[in-house]
>>> print(open('run-v8.tsv').read())   # TSV, C-alpha atoms
chain	number	residue	atom	x	y	z
A	45	MET	CA	42.99	-76.77	-71.78
A	46	ARG	CA	43.03	-74.19	-69.00
A	47	THR	CA	39.80	-73.39	-67.19
A	48	LEU	CA	39.09	-70.13	-65.38
A	49	LEU	CA	36.00	-70.05	-63.17
A	50	ILE	CA	34.97	-66.47	-62.43
A	51	THR	CA	32.52	-65.55	-59.68
A	52	GLY	CA	31.90	-62.90	-57.08
A	53	PRO	CA	29.14	-61.28	-55.02
A	54	GLY	CA	26.04	-60.09	-56.83
A	55	GLY	CA	26.66	-56.70	-58.41
A	56	SER	CA	30.44	-57.04	-58.31
A	57	GLY	CA	30.77	-56.99	-62.11
A	58	ARG	CA	31.84	-60.60	-62.50
A	59	THR	CA	30.19	-60.91	-65.94
A	60	THR	CA	32.06	-57.85	-67.19
A	61	VAL	CA	35.35	-59.21	-65.86
A	62	ALA	CA	34.68	-62.62	-67.44
A	63	ALA	CA	33.98	-60.98	-70.81
A	64	ALA	CA	37.07	-58.76	-70.55
A	65	THR	CA	39.25	-61.74	-69.60
A	66	ALA	CA	38.04	-63.87	-72.51
A	67	PHE	CA	38.36	-60.96	-74.95
A	68	ALA	CA	41.91	-60.20	-73.81
A	69	ALA	CA	42.96	-63.87	-74.06
A	70	ALA	CA	41.57	-64.16	-77.59
A	71	ARG	CA	43.36	-60.98	-78.68
A	72	GLU	CA	46.59	-62.55	-77.41
A	73	GLY	CA	46.03	-65.54	-79.70
A	74	ALA	CA	44.42	-68.09	-77.39
A	75	ARG	CA	41.45	-70.07	-78.68
A	76	THR	CA	38.96	-69.01	-76.04
A	77	LEU	CA	35.50	-70.28	-75.15
A	78	LEU	CA	33.41	-67.95	-72.99
A	79	LEU	CA	30.58	-69.79	-71.27
A	80	GLY	CA	27.70	-67.77	-69.83
A	81	THR	CA	25.58	-69.45	-67.16
A	82	ASP	CA	22.90	-66.80	-66.47
A	83	ALA	CA	19.37	-67.61	-67.58
A	84	GLY	CA	19.23	-64.31	-69.49
A	85	ASP	CA	21.73	-63.00	-71.99
A	86	THR	CA	23.93	-60.90	-69.72
A	87	LEU	CA	27.04	-61.36	-71.84
A	88	GLY	CA	25.56	-59.93	-75.02
A	89	PRO	CA	25.22	-56.30	-73.86
A	90	VAL	CA	28.69	-56.36	-72.28
A	91	LEU	CA	30.45	-57.80	-75.33
A	92	GLY	CA	28.66	-55.59	-77.85
A	93	ASP	CA	30.93	-55.41	-80.87
A	94	ALA	CA	33.80	-57.25	-79.16
A	95	ASP	CA	34.81	-60.14	-81.38
A	96	VAL	CA	37.97	-61.96	-82.36
A	97	PRO	CA	37.05	-64.13	-85.37
A	98	GLY	CA	38.29	-67.68	-85.12
A	99	LEU	CA	39.56	-67.25	-81.58
A	100	LEU	CA	36.65	-66.11	-79.39
A	101	THR	CA	33.54	-68.29	-79.10
A	102	VAL	CA	30.64	-67.35	-76.85
A	103	ARG	CA	28.22	-70.00	-75.66
A	104	ARG	CA	25.11	-69.43	-73.57
A	105	LEU	CA	23.22	-72.14	-71.73
A	106	ASP	CA	19.67	-73.19	-72.51
A	107	PRO	CA	18.53	-75.06	-69.36
A	108	ASP	CA	15.01	-75.61	-70.74
A	109	ALA	CA	16.30	-77.46	-73.81
A	110	GLY	CA	18.62	-79.59	-71.69
A	111	PHE	CA	15.84	-80.51	-69.28
A	112	ARG	CA	13.48	-81.50	-72.10
A	113	ALA	CA	16.19	-83.67	-73.66
A	114	ASP	CA	16.83	-85.41	-70.32
A	115	LEU	CA	13.10	-85.98	-69.82
A	116	ALA	CA	12.73	-87.53	-73.27
A	117	ALA	CA	15.71	-89.83	-72.64
A	118	LEU	CA	14.33	-90.89	-69.25
A	119	GLN	CA	10.92	-91.74	-70.74
A	120	GLU	CA	12.60	-93.75	-73.46
A	121	ARG	CA	14.66	-95.81	-70.99
A	122	ALA	CA	11.72	-96.35	-68.63
A	123	GLY	CA	9.20	-96.87	-71.42
A	124	GLY	CA	8.34	-100.45	-70.46
A	125	ALA	CA	7.62	-99.59	-66.84
A	126	LEU	CA	5.56	-96.55	-67.81
A	127	ASP	CA	3.47	-98.63	-70.21
A	128	LEU	CA	2.79	-101.28	-67.55
A	129	LEU	CA	1.63	-98.56	-65.17
A	130	GLY	CA	-0.61	-97.08	-67.82
A	131	ALA	CA	1.17	-93.73	-67.58
A	132	SER	CA	0.82	-91.27	-70.43
A	133	ARG	CA	4.01	-89.87	-71.88
A	134	LEU	CA	4.84	-86.20	-71.52
A	135	GLU	CA	5.66	-84.24	-74.63
A	136	PRO	CA	8.79	-82.07	-74.27
A	137	GLU	CA	6.78	-78.96	-75.14
A	138	GLU	CA	4.48	-79.57	-72.16
A	139	THR	CA	7.18	-79.00	-69.57
A	140	GLY	CA	9.30	-76.20	-68.25
A	141	SER	CA	12.57	-76.61	-66.39
A	142	LEU	CA	12.46	-77.64	-62.74
A	143	PRO	CA	14.54	-76.16	-59.90
A	144	GLY	CA	18.11	-77.37	-60.32
A	145	ALA	CA	17.92	-77.58	-64.13
A	146	GLU	CA	20.25	-74.59	-64.52
A	147	GLU	CA	22.88	-76.15	-62.27
A	148	LEU	CA	22.74	-79.45	-64.15
A	149	ALA	CA	22.99	-77.56	-67.45
A	150	VAL	CA	26.19	-75.87	-66.23
A	151	LEU	CA	27.70	-79.21	-65.21
A	152	ARG	CA	26.81	-80.69	-68.59
A	153	ALA	CA	28.40	-77.73	-70.37
A	154	LEU	CA	31.60	-78.13	-68.34
A	155	ARG	CA	31.70	-81.84	-69.13
A	156	ASP	CA	31.10	-81.25	-72.84
A	157	ALA	CA	33.79	-78.55	-73.00
A	158	ALA	CA	36.32	-80.88	-71.39
A	159	ALA	CA	35.42	-83.78	-73.70
A	160	SER	CA	35.17	-81.77	-76.91
A	161	GLU	CA	37.44	-82.84	-79.74
A	162	ASP	CA	37.75	-79.20	-80.80
A	163	ALA	CA	39.35	-78.28	-77.50
A	164	CYS	CA	40.03	-74.63	-76.83
A	165	ASP	CA	43.11	-73.25	-75.13
A	166	LEU	CA	41.12	-71.43	-72.46
A	167	LEU	CA	37.64	-71.95	-71.06
A	168	VAL	CA	36.31	-68.89	-69.20
A	169	VAL	CA	33.15	-69.59	-67.20
A	170	ASP	CA	30.97	-66.73	-66.00
A	171	LEU	CA	29.54	-68.47	-62.94
A	172	PRO	CA	26.54	-67.23	-60.95
A	173	ALA	CA	27.02	-65.10	-57.82
A	174	THR	CA	29.29	-66.67	-55.21
A	175	PRO	CA	26.81	-68.56	-52.98
A	176	ARG	CA	25.18	-70.29	-55.97
A	177	ALA	CA	28.51	-70.82	-57.68
A	178	LEU	CA	30.02	-72.63	-54.71
A	179	ALA	CA	26.91	-74.78	-54.31
A	180	LEU	CA	27.15	-75.59	-58.02
A	181	LEU	CA	30.83	-76.57	-57.80
A	182	ALA	CA	30.00	-78.85	-54.86
A	183	LEU	CA	27.35	-80.78	-56.80
A	184	PRO	CA	29.53	-83.34	-58.61
A	185	GLU	CA	31.20	-84.58	-55.43
A	186	GLU	CA	27.98	-84.52	-53.39
A	187	LEU	CA	25.89	-86.29	-56.04
A	188	ARG	CA	28.52	-88.99	-56.55
A	189	ARG	CA	28.63	-89.57	-52.80
A	190	VAL	CA	24.83	-89.92	-52.65
A	191	LEU	CA	24.82	-92.30	-55.63
A	192	ARG	CA	27.47	-94.51	-54.02
A	193	ARG	CA	25.42	-94.70	-50.81
A	194	LEU	CA	22.08	-95.41	-52.50
A	195	LEU	CA	23.36	-97.70	-55.27
A	196	PRO	CA	26.76	-99.12	-54.29
A	197	PRO	CA	28.63	-100.25	-57.43
A	198	GLU	CA	29.48	-103.61	-55.88
A	199	ARG	CA	25.80	-104.54	-55.81
A	200	GLN	CA	25.74	-104.59	-59.60
A	201	ALA	CA	27.85	-107.75	-59.51
A	202	ALA	CA	24.85	-109.59	-58.08
A	203	ARG	CA	22.68	-108.84	-61.12
A	204	ALA	CA	22.05	-112.53	-61.84
A	205	LEU	CA	20.90	-113.09	-58.25
A	206	ARG	CA	18.36	-110.27	-58.16
A	207	PRO	CA	15.33	-112.41	-59.08
A	208	VAL	CA	16.23	-114.90	-56.33
A	209	LEU	CA	16.92	-112.15	-53.81
A	210	GLY	CA	13.64	-110.48	-54.75
A	211	ARG	CA	11.68	-113.68	-54.05
A	212	LEU	CA	13.51	-114.26	-50.76
A	213	ALA	CA	13.07	-110.70	-49.58
A	214	GLY	CA	9.51	-110.47	-50.85
A	215	VAL	CA	10.15	-107.06	-52.42
A	216	PRO	CA	11.04	-106.11	-55.99
A	217	MET	CA	14.71	-105.47	-56.65
A	218	PRO	CA	15.91	-102.35	-58.56
A	219	ALA	CA	15.74	-102.76	-62.31
A	220	ASP	CA	18.90	-102.94	-64.42
A	221	TRP	CA	18.21	-99.59	-66.05
A	222	ILE	CA	18.42	-97.88	-62.65
A	223	TYR	CA	21.95	-99.17	-62.14
A	224	GLU	CA	22.88	-98.35	-65.72
A	225	THR	CA	21.54	-94.80	-65.34
A	226	ALA	CA	23.41	-94.37	-62.07
A	227	ALA	CA	26.64	-95.63	-63.62
A	228	ARG	CA	26.26	-93.29	-66.59
A	229	LEU	CA	25.55	-90.32	-64.30
A	230	ASP	CA	28.53	-91.23	-62.13
A	231	LEU	CA	30.82	-91.18	-65.17
A	232	GLN	CA	29.50	-87.77	-66.21
A	233	LEU	CA	29.95	-86.34	-62.73
A	234	ALA	CA	33.43	-87.85	-62.51
A	235	ALA	CA	34.39	-86.00	-65.70
A	236	VAL	CA	33.32	-82.68	-64.15
A	237	GLU	CA	35.16	-83.52	-60.93
A	238	ALA	CA	38.30	-84.25	-62.95
A	239	LEU	CA	37.99	-80.89	-64.71
A	240	LEU	CA	37.64	-79.03	-61.40
A	241	ALA	CA	40.64	-80.88	-59.93
A	242	ASP	CA	42.81	-80.42	-63.02
A	243	ARG	CA	46.03	-78.48	-62.61
A	244	GLY	CA	44.89	-76.09	-65.32
A	245	THR	CA	41.71	-75.08	-63.46
A	246	ALA	CA	41.52	-72.07	-61.15
A	247	VAL	CA	38.93	-69.82	-59.54
A	248	ARG	CA	39.10	-66.05	-59.87
A	249	LEU	CA	37.06	-63.96	-57.44
A	250	VAL	CA	35.70	-60.53	-58.35
A	251	ALA	CA	34.84	-58.02	-55.63
A	252	GLU	CA	34.51	-54.28	-55.23
A	253	PRO	CA	36.96	-53.02	-52.56
A	254	GLY	CA	35.10	-51.81	-49.51
A	255	PRO	CA	33.66	-53.19	-46.23
A	256	ALA	CA	30.86	-55.18	-47.91
A	257	GLY	CA	33.18	-56.51	-50.61
A	258	ALA	CA	35.82	-57.46	-48.04
A	259	GLU	CA	33.40	-59.58	-46.00
A	260	ALA	CA	31.97	-61.21	-49.13
A	261	LEU	CA	35.48	-61.98	-50.38
A	262	ARG	CA	36.52	-63.54	-47.06
A	263	THR	CA	33.49	-65.83	-47.13
A	264	ALA	CA	34.00	-66.72	-50.81
A	265	ALA	CA	37.70	-67.52	-50.33
A	266	LEU	CA	36.80	-69.79	-47.42
A	267	GLY	CA	34.26	-71.67	-49.55
A	268	VAL	CA	36.76	-72.07	-52.39
A	269	ALA	CA	39.38	-73.43	-49.99
A	270	LEU	CA	37.00	-75.91	-48.36
A	271	ARG	CA	36.09	-77.29	-51.80
A	272	GLY	CA	39.81	-77.87	-52.48
A	273	LEU	CA	39.80	-75.50	-55.45
A	274	ARG	CA	42.74	-73.29	-56.41
A	275	LEU	CA	42.19	-69.56	-55.97
A	276	ASP	CA	44.15	-67.84	-58.70
A	277	ALA	CA	43.64	-64.16	-57.89
A	278	VAL	CA	41.25	-61.50	-56.72
A	279	VAL	CA	40.06	-58.91	-59.22
A	280	ALA	CA	39.35	-55.65	-57.41
A	281	ASN	CA	36.72	-54.15	-59.67
A	282	ARG	CA	35.67	-50.51	-60.13
A	283	VAL	CA	38.74	-49.04	-58.45
A	284	LEU	CA	38.50	-45.24	-58.31
A	285	PRO	CA	41.43	-43.13	-59.58
A	286	GLU	CA	43.82	-42.01	-56.83
A	287	GLY	CA	45.02	-38.81	-58.48
A	288	GLU	CA	41.55	-37.29	-58.67
A	289	ALA	CA	40.50	-38.04	-55.10
A	290	ALA	CA	39.22	-34.66	-53.99
A	291	GLY	CA	36.14	-33.52	-52.08
A	292	TRP	CA	33.58	-36.21	-51.36
A	293	LEU	CA	35.55	-38.71	-53.48
A	294	ALA	CA	38.46	-38.68	-51.03
A	295	GLY	CA	36.59	-40.83	-48.51
A	296	PRO	CA	35.68	-43.70	-50.89
A	297	VAL	CA	39.20	-43.66	-52.38
A	298	ALA	CA	40.80	-43.94	-48.94
A	299	GLN	CA	38.43	-46.76	-48.05
A	300	GLN	CA	39.30	-48.63	-51.23
A	301	ARG	CA	43.02	-48.13	-50.61
A	302	LYS	CA	42.72	-49.59	-47.11
A	303	THR	CA	40.79	-52.63	-48.39
A	304	LEU	CA	43.26	-53.23	-51.22
A	305	ASP	CA	46.21	-53.14	-48.82
A	306	ALA	CA	44.50	-55.76	-46.64
A	307	TRP	CA	43.70	-57.97	-49.64
A	308	ARG	CA	47.28	-57.86	-50.90
A	309	GLU	CA	48.49	-59.38	-47.62
A	310	GLU	CA	46.55	-62.57	-48.39
A	311	HIS	CA	45.92	-62.73	-52.15
A	312	THR	CA	47.26	-61.82	-55.56
A	313	VAL	CA	45.21	-58.73	-56.40
A	314	HIS	CA	44.54	-57.23	-59.84
A	315	PRO	CA	42.89	-53.78	-59.68
A	316	VAL	CA	40.51	-52.94	-62.54
A	317	ALA	CA	39.74	-49.26	-62.98
A	318	HIS	CA	36.31	-47.68	-62.78
A	319	LEU	CA	35.54	-46.31	-66.25
A	320	GLY	CA	32.84	-43.97	-65.00
A	321	ARG	CA	30.23	-45.99	-66.94
A	322	ASP	CA	29.09	-49.53	-67.52
A	323	PRO	CA	31.67	-51.13	-69.87
A	324	ARG	CA	30.25	-51.98	-73.28
A	325	GLY	CA	32.01	-53.25	-76.38
A	326	ALA	CA	35.58	-53.85	-77.49
A	327	ASP	CA	37.10	-50.48	-76.54
A	328	ASP	CA	35.78	-50.57	-72.97
A	329	LEU	CA	36.76	-54.21	-72.44
A	330	ALA	CA	40.27	-53.49	-73.68
A	331	ALA	CA	40.50	-50.44	-71.38
A	332	LEU	CA	39.75	-52.65	-68.36
A	333	ALA	CA	43.04	-54.50	-68.99
A	334	ALA	CA	41.82	-57.72	-67.39
A	335	PRO	CA	44.64	-59.94	-66.07
A	336	ALA	CA	45.76	-62.84	-68.20
A	337	ALA	CA	44.72	-66.39	-67.46
A	338	PRO	CA	46.95	-68.19	-64.96
A	339	ALA	CA	49.51	-70.78	-65.91
A	340	PRO	CA	48.77	-74.36	-64.83
A	341	ALA	CA	49.84	-75.11	-61.27
A	342	GLY	CA	49.80	-78.03	-58.90
A	343	PRO	CA	46.55	-79.12	-57.23
A	344	VAL	CA	45.58	-77.95	-53.76
A	345	ARG	CA	46.90	-80.46	-51.25
A	346	TRP	CA	45.79	-81.34	-47.73
A	347	PRO	CA	48.96	-83.01	-46.44
A	348	VAL	CA	49.24	-85.41	-43.52
A	349	ALA	CA	52.28	-84.76	-41.30
A	350	ASP	CA	53.79	-87.72	-39.47
A	351	ARG	CA	54.50	-86.63	-35.88
A	352	ILE	CA	54.22	-90.05	-34.31
A	353	ALA	CA	57.85	-90.07	-33.18
A	354	GLU	CA	57.56	-86.63	-31.54
A	355	ASP	CA	53.95	-86.44	-30.29
A	356	GLY	CA	52.41	-89.81	-31.09
A	357	VAL	CA	49.98	-88.32	-33.63
A	358	LEU	CA	49.41	-87.73	-37.34
A	359	VAL	CA	48.33	-84.18	-38.22
A	360	TRP	CA	46.04	-83.46	-41.16
A	361	HIS	CA	46.54	-79.92	-42.51
A	362	LEU	CA	43.45	-78.33	-44.12
A	363	PRO	CA	44.06	-74.80	-45.48
A	364	LEU	CA	41.01	-72.68	-44.58
A	365	PRO	CA	41.97	-69.00	-44.95
A	366	GLY	CA	39.44	-66.68	-43.35
A	367	ALA	CA	37.95	-69.39	-41.11
A	368	ARG	CA	36.87	-68.43	-37.59
A	369	ARG	CA	36.97	-70.73	-34.60
A	370	ASP	CA	33.38	-70.06	-33.55
A	371	THR	CA	32.03	-71.17	-36.94
A	372	LEU	CA	34.11	-74.36	-37.28
A	373	ASP	CA	32.76	-77.84	-36.58
A	374	LEU	CA	34.11	-81.34	-37.16
A	375	VAL	CA	32.22	-84.63	-37.06
A	376	ARG	CA	33.71	-88.00	-37.88
A	377	ARG	CA	31.48	-90.75	-39.24
A	378	GLY	CA	33.31	-93.93	-40.14
A	379	ASP	CA	35.89	-93.18	-42.80
A	380	GLU	CA	34.60	-89.66	-43.48
A	381	LEU	CA	35.06	-86.30	-41.82
A	382	THR	CA	32.35	-83.65	-42.05
A	383	VAL	CA	33.92	-80.19	-41.97
A	384	THR	CA	31.73	-77.14	-41.39
A	385	ALA	CA	33.33	-73.72	-41.89
A	386	GLY	CA	31.04	-70.72	-41.76
A	387	PRO	CA	28.10	-71.30	-44.14
A	388	PHE	CA	29.87	-74.16	-45.93
A	389	ARG	CA	30.04	-77.88	-45.23
A	390	ARG	CA	31.90	-80.68	-46.93
A	391	VAL	CA	32.09	-84.41	-46.29
A	392	VAL	CA	35.60	-85.61	-47.14
A	393	PRO	CA	36.97	-89.15	-47.10
A	394	LEU	CA	39.83	-89.71	-44.71
A	395	PRO	CA	43.26	-90.60	-46.13
A	396	SER	CA	43.91	-94.33	-45.70
A	397	ALA	CA	46.39	-93.91	-42.83
A	398	LEU	CA	43.93	-91.82	-40.81
A	399	ARG	CA	41.15	-94.39	-41.05
A	400	ARG	CA	43.03	-96.51	-38.52
A	401	CYS	CA	43.21	-93.62	-36.07
A	402	THR	CA	40.97	-91.81	-33.62
A	403	VAL	CA	40.52	-88.03	-33.64
A	404	ASP	CA	42.69	-86.52	-30.90
A	405	GLY	CA	41.78	-82.84	-31.31
A	406	ALA	CA	42.01	-79.92	-33.71
A	407	ALA	CA	43.31	-76.35	-33.81
A	408	LEU	CA	42.99	-73.40	-36.17
A	409	ARG	CA	46.30	-71.62	-36.71
A	410	GLU	CA	47.37	-69.14	-39.36
A	411	GLY	CA	44.41	-69.87	-41.60
A	412	GLU	CA	44.93	-73.64	-41.41
A	413	LEU	CA	42.87	-76.26	-39.64
A	414	ARG	CA	45.12	-78.91	-38.11
A	415	VAL	CA	43.34	-82.10	-37.09
A	416	ARG	CA	45.27	-84.53	-34.87
A	417	PHE	CA	44.78	-88.28	-35.22
A	418	ARG	CA	46.14	-90.84	-32.76
A	419	PRO	CA	46.77	-94.37	-34.06
A	420	ASP	CA	44.29	-96.95	-32.78
A	421	PRO	CA	46.33	-99.76	-31.15
A	422	GLU	CA	43.78	-102.33	-32.32
A	423	LEU	CA	44.15	-101.31	-35.97
A	424	TRP	CA	47.64	-99.85	-36.26
A	425	PRO	CA	50.49	-102.20	-37.29
A	426	ARG	CA	52.67	-103.10	-34.32
A	427	SER	CA	56.44	-102.88	-34.66
A	428	ARG	CA	58.43	-105.87	-33.51
>>> encode(input="run-v8.tsv", output="structure tokens")
Amino acid sequence: MRTLLITGPGGSGRTTVAAATAFAAAREGARTLLLGTDAGDTLGPVLGDADVPGLLTVRRLDPDAGFRADLAALQERAGGALDLLGASRLEPEETGSLPGAEELAVLRALRDAAASEDACDLLVVDLPATPRALALLALPEELRRVLRRLLPPERQAARALRPVLGRLAGVPMPADWIYETAARLDLQLAAVEALLADRGTAVRLVAEPGPAGAEALRTAALGVALRGLRLDAVVANRVLPEGEAAGWLAGPVAQQRKTLDAWREEHTVHPVAHLGRDPRGADDLAALAAPAAPAPAGPVRWPVADRIAEDGVLVWHLPLPGARRDTLDLVRRGDELTVTAGPFRRVVPLPSALRRCTVDGAALREGELRVRFRPDPELWPRSR
């Protein structure tokens, strides 16, 4: 299964592009699942009468239902403890979704789509606007990291010793169901992580060519790169017709042309014409001529170059297109490196060879962060 994650700045038309992409793929014969993540039904008005029976399936999230199901399951697993505390159970109808329920619903939908026996050929995901989308895509890795710190898996091996340890320490030890819940959540998050890292998964950014769109695209591309996701292409939406650029329209057309030329120097760009109206239904979606889904490609790699013979260092190459020196920051803590680039931050584990080294410096060149590591004589194998 190929997965296409579509996002862009608010108002860029990302939902329209997602619908047009899924509709075009289904018309070409691909079994396509279009997943909408907005709380409201934004896909319905755009799709209108657009349908390809047997090939196009549209699914919309219901975060409230997912939250109520999770709450019921949690009360069932913790029933004994709740009864001992004298707590009264909550009925699902008494609750509304909490902050974060939408994000968890999206992750669950991605996991279910990847694990479904009736797998589709193409999964098109209409993600929220870029800032929320990138925070959402960071959740699986961040949550797994937090779980490993709070409940290290190796501690589960001491299950039989917990009563003894509890008496010695004088404090109650975590119950088995906590570890079981953490392990189950870790498996679910790992499935989403595997989907995002799969060679058939790519991100497609939608932006309207112009100064505001250019800055938003630069920031979005930087966030995608820092997450280690593959950027497939940029869809330049609502491109004005060149041949009719007269009068007041000449200025906006020239501005769009300049932005498109700059984007093409760094990205694969697919212009989508401005129809003069909000696209609605099959005819309009077909007229947009959305680009086809990308073919599977290799994962994004952050290679380590061995320059010990020449300079005595190993160099870690982190592609960060659009990064600026004054917004970059690096902090090493143990076997992890915290990388801050603009508004984004990611904690990444060091490759095994670099864990036996000390940071020797870093430089940003040609859209790539190059971090130098010098082998620690106390930890590095000595040659005879």
>>> atom_distance(input="run-v8.tsv", atom1="atom CA of Ala341 of chain A", atom2="atom CA of Pro395 of chain A")
22.6 Å
>>> closest_residue(input="run-v8.tsv", among="A:Val247, A:Ala280, A:Ala269, A:Leu87", to="Phe388 of chain A", atoms="all atoms listed in the file")
A:Ala269
>>> atom_distance(input="run-v8.tsv", atom1="atom CA of Arg274 of chain A", atom2="atom CA of Gly54 of chain A")
21.3 Å
>>> atom_distance(input="run-v8.tsv", atom1="atom CA of Leu77 of chain A", atom2="atom CA of Asp276 of chain A")
18.7 Å
>>> residues_around(input="run-v8.tsv", residues="segment 348-354 of chain A", least_positions_apart="3", cutoff="10 Å", atoms="all atoms listed in the file", output="PyMOL selection string")
chain A and resi 345+357-362+395+397-398+414-419
>>> residues_near_point(input="run-v8.tsv", point="(27.3, -87.5, -62.5)", cutoff="12 Å", atoms="all atoms listed in the file", output="ChimeraX atom specification")
/A:148-149,151-152,154-155,182-192,225-238
>>> write_last_selection(input="run-v8.tsv", atoms="C-alpha atoms", output="compact mmCIF listing (two decimals), in the frame of the given file")
# COMPACT_ATOMS: atom_id res chain seq x y z
CA LEU A 148 22.74 -79.45 -64.15
CA ALA A 149 22.99 -77.56 -67.45
CA LEU A 151 27.70 -79.21 -65.21
CA ARG A 152 26.81 -80.69 -68.59
CA LEU A 154 31.60 -78.13 -68.34
CA ARG A 155 31.70 -81.84 -69.13
CA ALA A 182 30.00 -78.85 -54.86
CA LEU A 183 27.35 -80.78 -56.80
CA PRO A 184 29.53 -83.34 -58.61
CA GLU A 185 31.20 -84.58 -55.43
CA GLU A 186 27.98 -84.52 -53.39
CA LEU A 187 25.89 -86.29 -56.04
CA ARG A 188 28.52 -88.99 -56.55
CA ARG A 189 28.63 -89.57 -52.80
CA VAL A 190 24.83 -89.92 -52.65
CA LEU A 191 24.82 -92.30 -55.63
CA ARG A 192 27.47 -94.51 -54.02
CA THR A 225 21.54 -94.80 -65.34
CA ALA A 226 23.41 -94.37 -62.07
CA ALA A 227 26.64 -95.63 -63.62
CA ARG A 228 26.26 -93.29 -66.59
CA LEU A 229 25.55 -90.32 -64.30
CA ASP A 230 28.53 -91.23 -62.13
CA LEU A 231 30.82 -91.18 -65.17
CA GLN A 232 29.50 -87.77 -66.21
CA LEU A 233 29.95 -86.34 -62.73
CA ALA A 234 33.43 -87.85 -62.51
CA ALA A 235 34.39 -86.00 -65.70
CA VAL A 236 33.32 -82.68 -64.15
CA GLU A 237 35.16 -83.52 -60.93
CA ALA A 238 38.30 -84.25 -62.95
>>> closest_residue(input="run-v8.tsv", among="A:Leu381, A:Leu408, A:Leu239, A:Ala68", to="Ala159 of chain A", atoms="all atoms listed in the file")
A:Leu239
>>> closest_residue(input="run-v8.tsv", among="A:Leu275, A:Thr101, A:Leu270, A:Ala306", to="Leu372 of chain A", atoms="only C-alpha atoms")
A:Leu270
>>> closest_residue(input="run-v8.tsv", among="A:Ser160, A:Thr384, A:Gln299, A:Thr174", to="Leu249 of chain A", atoms="all atoms listed in the file")
A:Thr174
>>> residues_around(input="run-v8.tsv", residues="Glu380 of chain A", least_positions_apart="3", cutoff="8 Å", atoms="only C-alpha atoms", output="JSON, numbers by chain")
{"A": [376, 377, 391, 392, 393, 394]}
>>> closest_residue(input="run-v8.tsv", among="A:Gly57, A:Ala334, A:Pro97, A:Ala62", to="Gly257 of chain A", atoms="all atoms listed in the file")
A:Gly57
>>> closest_residue(input="run-v8.tsv", among="A:Arg369, A:Asp404, A:Pro296, A:Glu252", to="Asp355 of chain A", atoms="all atoms listed in the file")
A:Asp404
>>> build_atoms(input="run-v8.tsv", residues="segment 97-106 of chain A", atoms="N, CA, C and O atoms", output="short mmCIF file (atom, residue, chain, number, x, y, z; two decimals), in the coordinates of the input")
data_model
loop_
_atom_site.label_atom_id
_atom_site.label_comp_id
_atom_site.auth_asym_id
_atom_site.auth_seq_id
_atom_site.Cartn_x
_atom_site.Cartn_y
_atom_site.Cartn_z
N PRO A 97 37.46 -63.01 -84.50
CA PRO A 97 37.05 -64.13 -85.37
C PRO A 97 38.04 -65.29 -85.31
O PRO A 97 39.25 -65.10 -85.40
N GLY A 98 37.48 -66.48 -85.14
CA GLY A 98 38.29 -67.68 -85.12
C GLY A 98 38.94 -67.99 -83.79
O GLY A 98 39.45 -69.09 -83.59
N LEU A 99 38.90 -67.03 -82.86
CA LEU A 99 39.56 -67.25 -81.58
C LEU A 99 38.62 -67.11 -80.38
O LEU A 99 38.85 -67.72 -79.34
N LEU A 100 37.57 -66.31 -80.51
CA LEU A 100 36.65 -66.11 -79.39
C LEU A 100 35.29 -66.70 -79.75
O LEU A 100 34.65 -66.29 -80.72
N THR A 101 34.86 -67.67 -78.94
CA THR A 101 33.54 -68.29 -79.10
C THR A 101 32.75 -68.05 -77.83
O THR A 101 33.26 -68.25 -76.73
N VAL A 102 31.52 -67.61 -77.99
CA VAL A 102 30.64 -67.35 -76.85
C VAL A 102 29.51 -68.36 -76.88
O VAL A 102 28.86 -68.55 -77.92
N ARG A 103 29.28 -69.01 -75.75
CA ARG A 103 28.22 -70.00 -75.66
C ARG A 103 27.35 -69.69 -74.45
O ARG A 103 27.86 -69.44 -73.35
N ARG A 104 26.06 -69.69 -74.66
CA ARG A 104 25.11 -69.43 -73.57
C ARG A 104 24.27 -70.67 -73.33
O ARG A 104 23.89 -71.37 -74.29
N LEU A 105 23.95 -70.94 -72.08
CA LEU A 105 23.22 -72.14 -71.73
C LEU A 105 21.73 -71.99 -72.04
O LEU A 105 21.18 -70.89 -71.99
N ASP A 106 21.11 -73.12 -72.34
CA ASP A 106 19.67 -73.19 -72.51
C ASP A 106 19.16 -74.31 -71.60
O ASP A 106 18.98 -75.46 -72.04
#
